[in-house]
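K.L.:
Sharing a structure below in C-alpha cells format, with a few things to ask.
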Amino acid sequence: MRRPNIVLILTDDHAAHAISAYGSVVNRTPRIDEIAGLGARFDHCFATNALCSPSRASILTGTYSHVNGVTTLETPIDAGQPTFVSLLRESGYRTAIVGKWHMGEGPGHDPEGFDHWDVLIDQGEYVDPRFLSAGGLRTEPGYATDVITDLALRWADGLDGDDPWCLLICHKAPHRPWTPDAEHAGMYADPIPVPATFTDDLTGRSSSARRAAMRIAEHLTADDLKRDPPDGLSYEELALWKYQRYMEDYLAVVASVDDNVGRVVDWLRERGDIEDTLLMYCSDQGFFLGDHGWFDKRLMYEESLRMPLVLSYPRRVPAGQEHTGIVTNVDFARTLLEAAGVPAHPRMQGRSFLADLTGEPGPAPAEGMYYRYWEHDDVWHKAPAHYGYRTARYKIIYYYNDGLGLPGTGPATYPGEWELYDLETDPEELRNVYLDPAYLEVREELKVRLWRAQAELGDRPHPGQPVPEGV
C-alpha cells in the first residue's frame with residue numbers, strides 16, 4: 001500500500017466548542033467540519049499539559065512534558081530529540097514545518113529533523129509576520145493565516161518525485177490578541193450566545209482554582225478588545241460587554257482559519273492526493289470562551305483540557321466516524337508513524353489510535369488520561385500548578401501549588417487542595433464532590449489510579465501528596 005502523505009494543521013487556542021462539528025452555537029466552520037465528514041471526529045481528545053509550547057512538544061515527540069523537557073512557556077525544547085518528523089525523514093519522507101514553532105530559538109532550539117522550516121518568531125504577528133528560516137529573518141507581507149498557508153503549499157508544490165511528504169501547517173490563530181483580517185472583521189455582532197456557566201461564581205471550587213486571573217470582566221484589557229468599555233457599567237454589564245467584544249474578534253479569526261483549512265482540502269483534491277493523505281486538524285489545547293466566566297486555558301476543566309481533532313484518510317479510514325474513546329496529544333506521534341509504516345522510537349509514550357479508526361487489531365483503549373500543568377502563579381494568569389487523572393466518568397485534580405524552581409513561577413505559598421467531578425451527573429463541572437461522603441470510594445480509587453499512572457509514565461508525585469492507601 002502506498003505510504004500516505006501527512007498534513008497536520010495545528011492552530012493555537014481553538015476551542016472545540018467553536019467548531020460546528022462539535023455542536024457550536026456561536027459559529028460555523030464548514031471546512032473543518034468537512035474533514036470530520038470525510039473521516040472522524042474525536043470527542044475526547046485531551047492535552048496532557050494545556051499550554052502552547054508543552055502541547056506542541058508532546059505532539060512532536062510523543063512524550064509527556066517531564067520526558068521532553070518542555071514543561072512551561074519558559075522551557076525551550078531540545079530540538080535534537082527524536083520526533084515523529086525526524087523518524088519519517090529517516091524513512092524517506094520529505095518534511096516541512098511552516099508557521100508557529102514557539103518552543104525556543106537559536107542553536108539546539110530551532111526546528112530539527114525537517115528538510116524545510118520557516119517559522120514565526122515567538123508568538124508571531126497577525127499582520128506582516130516575521131519568519132525565521134535557515135536563510136535568516138524576513139518579513140512576509142499579508143495576514144498570517146493566509147501567508148502560512150501560502151508558504152506551506154508552495155513548499156509542497158515545489159517537490160519533485162514520488163516520495164511521500166509530511167507537512168506541518170502551524171497557525172498563530174486564534175491566539176490572543178485575536179486580530180481579524182479585513183475580510184472577516186465585523187462578521188459577528190451582538191448578541192453572541194453566552195455559555196450556560198458564564199455567571200459561575202466558582203462556589204465549592206478550591207481556592208487554587210478561584211485565584212486564576214482569567215476572568216472576562218476583570219482581566220481582559222483594552223488592548224485585547226481594541227477599545228475602552230463604556231462608562232458606568234456594572235460588573236455584570238461589563239462582563240457581558242467584554243465577552244461580546246472578545247468573541248466577535250475570536251470568531252472572526254477562526255473564520256479565517258476555516259477558510260484556509262478549506263484551501264488545503266481543495267488543494268489536495270486538485271492534486272488527486274486526498275485519498276492517500278492523512279489530514280489532521282487540531283488545536284494545541286482548548287480554550288475558555290466565557291465558560292465559568294473565564295478566558296484562556298491552563299486549568300484541567302473540560303473546555304481547556306479538550307482538544308478539537310478531526311482526521312481524514314479515505315484510503316484506510318471509513319468516513320463519518322465519531323471516536324468516543326480517550327486519546328491525547330501524546331498519542332499523535334505513534335499514530336502517524338504507524339500509518340506510515342515506521343516504527344516508533346522506544347522512548348515514545350501513548351498509544352496509536354489508528355486501529356480504532358480502521359477496525360484492525362490494535363492496542364487496548366485507554367482507561368484514563370494523566371494531566372500535569374507545571375507553571376505556578378505565573379505573572380499574568382496566576383494559574384496554580386496541578387495534576388490529575390480523568391476517566392470516562394470522573395476527574396480528580398490535585399493542586400500542589402509549587403513551582404518546584406521552574407523559571408517564572410512562584411514559591412509554594414498555598415497548601416495542596418483536591419477537586420473531584422462526576423462528569424456523568426455534572427458535565428459542566430459545577431459541583432466539586434471531593435468531600436461528598438457518597439464519593440469516598442471513588443475518590444480513593446482515583447487517587448490510586450493517579451499515583452499508578454505517574455509511576456507508569458515516569459513522573460514523580462509532588463512530595464506534598466500523601467501516598468494513597470492501596471498502592
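Residue numbering restarts at 1 for every chain of the C-alpha cells, chains are lettered A, B, ... in their displayed order, and ligands are numbered from 1 as they appear.
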List every residue of segment 81-181 of chain A that DSSP, applied to the backbone of this structure, assigns to strand (DSSP E), and report them as a PyMOL selection string.

P.N.:
chain A and resi 94-99+116-120+130-133+136-139+165-170

K.L.:
Residues within 10 Å of Met1 of chain A, please, as a ChimeraX atom specification. Count only C-alpha atoms; anything in the same chain fewer than 6 positions from it doesn't count.

P.N.:
/A:276,315,340-341

K.L.:
Could you write out that same residue set with C-alpha atoms as a PDB file, in the first residue's frame?

P.N.:
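Contents of part.pdb, as written:
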```
ATOM      1  CA  ASP A 276      -3.886   8.973   0.168  1.00  0.00           C
ATOM      2  CA  ARG A 315      -7.816   5.105   1.700  1.00  0.00           C
ATOM      3  CA  ALA A 340       3.423   5.498   7.564  1.00  0.00           C
ATOM      4  CA  GLY A 341       4.702   2.043   8.470  1.00  0.00           C
TER       5      GLY A 341
END
```

K.L.:
If you take only C-alpha atoms and a cut-off of 9 Å, which residues of segment 100-124 of chain A touch segment 60-83 of chain A, and what are their nearest atom pairs and distances in Å to one decimal, in chain and number order, as a Markdown table?

P.N.:
```
| residue | atom | partner | partner_atom | distance |
| --- | --- | --- | --- | --- |
| A:His102 | CA | A:Leu73 | CA | 8.4 |
| A:Met103 | CA | A:Pro76 | CA | 5.0 |
| A:Gly104 | CA | A:Pro76 | CA | 4.7 |
| A:Glu105 | CA | A:Pro76 | CA | 7.9 |
| A:Pro107 | CA | A:Ala79 | CA | 8.9 |
| A:Gly108 | CA | A:Ala79 | CA | 5.6 |
| A:His109 | CA | A:Ala79 | CA | 5.1 |
| A:Asp110 | CA | A:Ala79 | CA | 6.5 |
| A:Pro111 | CA | A:Ala79 | CA | 6.0 |
| A:Glu112 | CA | A:Ala79 | CA | 5.7 |
| A:Gly113 | CA | A:Thr83 | CA | 7.7 |
```

K.L.:
Take the residues just selected and output them with N, CA and C atoms as a PDB file, in the first residue's frame.

P.N.:
```
ATOM      1  N   HIS A 102       7.350  28.184  18.427  1.00  0.00           N
ATOM      2  CA  HIS A 102       7.107  28.604  19.817  1.00  0.00           C
ATOM      3  C   HIS A 102       7.676  27.637  20.856  1.00  0.00           C
ATOM      4  N   MET A 103       8.826  27.060  20.539  1.00  0.00           N
ATOM      5  CA  MET A 103       9.486  26.179  21.505  1.00  0.00           C
ATOM      6  C   MET A 103      10.948  26.561  21.684  1.00  0.00           C
ATOM      7  N   GLY A 104      11.236  27.853  21.474  1.00  0.00           N
ATOM      8  CA  GLY A 104      12.595  28.349  21.628  1.00  0.00           C
ATOM      9  C   GLY A 104      13.232  28.710  20.302  1.00  0.00           C
ATOM     10  N   GLU A 105      14.304  29.479  20.379  1.00  0.00           N
ATOM     11  CA  GLU A 105      15.031  29.924  19.192  1.00  0.00           C
ATOM     12  C   GLU A 105      16.527  29.805  19.429  1.00  0.00           C
ATOM     13  N   PRO A 107      20.540  27.950  18.356  1.00  0.00           N
ATOM     14  CA  PRO A 107      21.120  26.609  18.231  1.00  0.00           C
ATOM     15  C   PRO A 107      20.570  25.658  19.302  1.00  0.00           C
ATOM     16  N   GLY A 108      20.163  24.487  18.845  1.00  0.00           N
ATOM     17  CA  GLY A 108      19.604  23.496  19.748  1.00  0.00           C
ATOM     18  C   GLY A 108      18.117  23.621  19.973  1.00  0.00           C
ATOM     19  N   HIS A 109      17.550  24.777  19.601  1.00  0.00           N
ATOM     20  CA  HIS A 109      16.126  25.013  19.820  1.00  0.00           C
ATOM     21  C   HIS A 109      15.356  25.275  18.524  1.00  0.00           C
ATOM     22  N   ASP A 110      16.044  25.695  17.469  1.00  0.00           N
ATOM     23  CA  ASP A 110      15.386  25.828  16.169  1.00  0.00           C
ATOM     24  C   ASP A 110      14.965  24.447  15.674  1.00  0.00           C
ATOM     25  N   PRO A 111      13.986  24.387  14.770  1.00  0.00           N
ATOM     26  CA  PRO A 111      13.494  23.079  14.309  1.00  0.00           C
ATOM     27  C   PRO A 111      14.608  22.211  13.728  1.00  0.00           C
ATOM     28  N   GLU A 112      14.596  20.926  14.094  1.00  0.00           N
ATOM     29  CA  GLU A 112      15.490  19.927  13.529  1.00  0.00           C
ATOM     30  C   GLU A 112      14.660  18.749  13.038  1.00  0.00           C
ATOM     31  N   GLY A 113      15.220  17.989  12.109  1.00  0.00           N
ATOM     32  CA  GLY A 113      14.506  16.848  11.553  1.00  0.00           C
ATOM     33  C   GLY A 113      13.597  17.215  10.398  1.00  0.00           C
TER      34      GLY A 113
END
```

K.L.:
Please return as a PyMOL selection string: the residues of segment 180-425 of chain A that backbone DSSP assigns to helix (DSSP H, G or I).

P.N.:
chain A and resi 207-210+216-219+222-225+235-271+274-276+291-293+302-305+329-340+354-358

K.L.:
I need the residues from that last selection saved to file as a CSV table (one decimal), in the first residue's frame (with C-alpha atoms), if you can.

P.N.:
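File written: part17.csv
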```csv
chain,number,residue,atom,x,y,z
A,207,SER,CA,-9.2,28.4,46.4
A,208,SER,CA,-6.4,27.4,43.9
A,209,ALA,CA,-8.9,27.5,41.0
A,210,ARG,CA,-10.5,30.7,42.2
A,216,ILE,CA,-13.6,38.0,31.5
A,217,ALA,CA,-14.7,41.0,33.5
A,218,GLU,CA,-11.5,41.6,35.3
A,219,HIS,CA,-8.6,40.5,33.2
A,222,ALA,CA,-8.4,47.4,26.3
A,223,ASP,CA,-5.6,46.1,24.1
A,224,ASP,CA,-7.4,42.8,23.8
A,225,LEU,CA,-10.7,44.4,23.0
A,235,TYR,CA,-19.7,44.3,37.0
A,236,GLU,CA,-22.3,42.1,35.2
A,237,GLU,CA,-22.8,44.5,32.4
A,238,LEU,CA,-19.0,44.9,32.0
A,239,ALA,CA,-18.5,41.1,31.8
A,240,LEU,CA,-21.2,40.9,29.1
A,241,TRP,CA,-19.8,43.8,27.1
A,242,LYS,CA,-16.2,42.4,27.2
A,243,TYR,CA,-17.5,38.9,26.3
A,244,GLN,CA,-19.2,40.2,23.2
A,245,ARG,CA,-16.1,42.2,22.0
A,246,TYR,CA,-13.8,39.3,22.7
A,247,MET,CA,-15.9,36.8,20.9
A,248,GLU,CA,-16.5,39.0,17.9
A,249,ASP,CA,-12.8,39.0,17.2
A,250,TYR,CA,-12.1,35.5,18.3
A,251,LEU,CA,-14.8,34.0,16.0
A,252,ALA,CA,-13.7,36.2,13.0
A,253,VAL,CA,-10.1,34.9,13.4
A,254,VAL,CA,-11.5,31.4,13.5
A,255,ALA,CA,-13.4,32.1,10.3
A,256,SER,CA,-10.2,32.9,8.5
A,257,VAL,CA,-8.7,29.6,9.8
A,258,ASP,CA,-11.6,27.7,8.5
A,259,ASP,CA,-11.3,29.3,5.0
A,260,ASN,CA,-7.6,28.3,4.9
A,261,VAL,CA,-8.4,24.8,6.0
A,262,GLY,CA,-10.7,24.7,3.0
A,263,ARG,CA,-7.9,25.9,0.8
A,264,VAL,CA,-5.8,22.9,1.9
A,265,VAL,CA,-8.6,20.4,1.3
A,266,ASP,CA,-9.3,21.9,-2.1
A,267,TRP,CA,-5.6,21.8,-3.0
A,268,LEU,CA,-5.3,18.1,-2.0
A,269,ARG,CA,-8.4,17.3,-4.2
A,270,GLU,CA,-7.0,19.2,-7.2
A,271,ARG,CA,-3.7,17.3,-6.9
A,274,ILE,CA,-7.0,13.5,-0.9
A,275,GLU,CA,-7.5,9.7,-0.8
A,276,ASP,CA,-3.9,9.0,0.2
A,291,ASP,CA,-17.2,29.3,30.4
A,292,HIS,CA,-17.1,29.7,34.2
A,293,GLY,CA,-16.6,33.4,33.4
A,302,GLU,CA,-13.1,20.3,30.1
A,303,GLU,CA,-13.1,23.5,28.0
A,304,SER,CA,-9.3,23.9,28.4
A,305,LEU,CA,-8.4,20.2,28.5
A,329,ASN,CA,-1.7,14.7,22.2
A,330,VAL,CA,1.0,12.3,23.3
A,331,ASP,CA,-0.7,9.6,21.1
A,332,PHE,CA,-0.3,11.6,17.8
A,333,ALA,CA,3.3,10.5,17.1
A,334,ARG,CA,2.7,6.8,17.4
A,335,THR,CA,-0.4,7.1,15.3
A,336,LEU,CA,1.2,8.9,12.4
A,337,LEU,CA,4.2,6.7,12.4
A,338,GLU,CA,2.0,3.6,12.3
A,339,ALA,CA,0.1,5.0,9.4
A,340,ALA,CA,3.4,5.5,7.6
A,354,LEU,CA,-5.1,4.2,14.1
A,355,ALA,CA,-6.7,0.8,14.6
A,356,ASP,CA,-9.6,2.5,16.4
A,357,LEU,CA,-10.5,4.0,13.0
A,358,THR,CA,-9.6,1.2,10.6
```

K.L.:
So, with only C-alpha atoms as the atoms that count, which of A:Pro129, A:Pro365, A:Gly320, A:Pro468 lies closest to Glu444 of chain A?

P.N.:
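Checking each of A:Pro129, A:Pro365, A:Gly320, A:Pro468 against Glu444 of chain A, counting only C-alpha atoms, the winner is A:Pro468.
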
K.L.:
Which polymer residues have any atom within 6 Å of an atom of segment 146-154 of chain A, counting only C-alpha atoms, with same-chain residues fewer than 2 positions away left out, as a PyMOL selection string?

P.N.:
chain A and resi 98-99+143-144+156-157

K.L.:
Once you have the residues from the selection above, write them out as a compact mmCIF listing (two decimals), in the first residue's frame, restricted to N, CA and C atoms.

P.N.:
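Everything below was put into part38.txt:
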```txt
# COMPACT_ATOMS: atom_id res chain seq x y z
N VAL A 98 5.83 24.96 8.65
CA VAL A 98 5.64 26.37 8.32
C VAL A 98 4.69 26.97 9.34
N GLY A 99 5.10 28.09 9.95
CA GLY A 99 4.21 28.78 10.87
C GLY A 99 4.75 28.80 12.28
N TYR A 143 -1.64 38.76 5.85
CA TYR A 143 -2.27 38.28 7.07
C TYR A 143 -1.72 36.88 7.38
N ALA A 144 -1.32 36.65 8.63
CA ALA A 144 -0.53 35.47 8.97
C ALA A 144 -1.19 34.17 8.55
N ALA A 156 5.21 22.33 -0.79
CA ALA A 156 4.78 21.02 -1.29
C ALA A 156 4.69 21.01 -2.81
N ASP A 157 4.24 22.11 -3.40
CA ASP A 157 4.14 22.18 -4.86
C ASP A 157 5.52 22.12 -5.53
```

K.L.:
Calculated over only C-alpha atoms, which of the candidates A:Pro54, A:Pro4, A:Pro230, A:Pro30 has the smallest distance to Trp165 of chain A?

P.N.:
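Smallest distance to Trp165 of chain A is found for A:Pro4.
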
K.L.:
Leaving out Pro363 of chain A and any residue of its chain fewer than 5 positions from it, which residues lie within 8 Å of it when counting only C-alpha atoms, given as a list in words?

P.N.:
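Listing them by chain and then by number gives Arg351, Ser352, Phe353 and Ala355 of chain A.
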
K.L.:
Hey, which of A:Thr145, A:Met307, A:Gly204, A:Gly135 ends up closest to Asp436 of chain A? Count only C-alpha atoms.

P.N.:
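Checking each candidate against Asp436 of chain A, we get A:Gly204 as the closest.
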
K.L.:
With distances taken over only C-alpha atoms, which residue among A:Arg306, A:Arg460, A:Arg138, A:Lys447 lies nearest His17 of chain A?

P.N.:
A:Arg306

K.L.:
Nearest to Arg347 of chain A among A:Cys170, A:Leu457, A:Leu440, A:Ile35, with distances taken over only C-alpha atoms: which residue is it?

P.N.:
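For Arg347 of chain A, the nearest of the given residues is A:Leu457.
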
K.L.:
Which residues are close to segment 308-314 of chain A, i.e. within 8 Å by only C-alpha atoms, leaving aside same-chain residues fewer than 3 positions away? Reply as a list of chain:residue names.

P.N.:
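Listed by chain and then number, they are A:His14, A:Ala15, A:Ala16, A:Ile32, A:Asp33, A:Ile35, A:Ala36, A:Leu38, A:Gly39, A:Ala40, A:Arg41, A:Phe42, A:Asp43, A:Cys45, A:Ile274, A:Glu275, A:Asp276, A:Thr277, A:Leu278, A:Leu279, A:Met280, A:Tyr281, A:Cys282, A:Ser283, A:Gln285, A:Gly286, A:Val317, A:Pro318, A:Ala319.
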
K.L.:
Kindly give the distance, in Å, that separates atom CA of Val327 of chain A and atom CA of Val442 of chain A, rounded to a single decimal.

P.N.:
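Spanning atom CA of Val327 of chain A to atom CA of Val442 of chain A is a straight-line distance of 22.3 Å.
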
K.L.:
Could you please determine the separation between atom CA of Lys395 of chain A and atom CA of Leu220 of chain A in Å, to one decimal place?

P.N.:
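These atoms are spaced 28.7 Å apart.
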
K.L.:
With only C-alpha atoms as the atoms that count, which of A:Val471, A:Met214, A:Ile396, A:Ile192 lies nearest to His381 of chain A?

P.N.:
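That would be A:Met214, the residue with the smallest distance to His381 of chain A.
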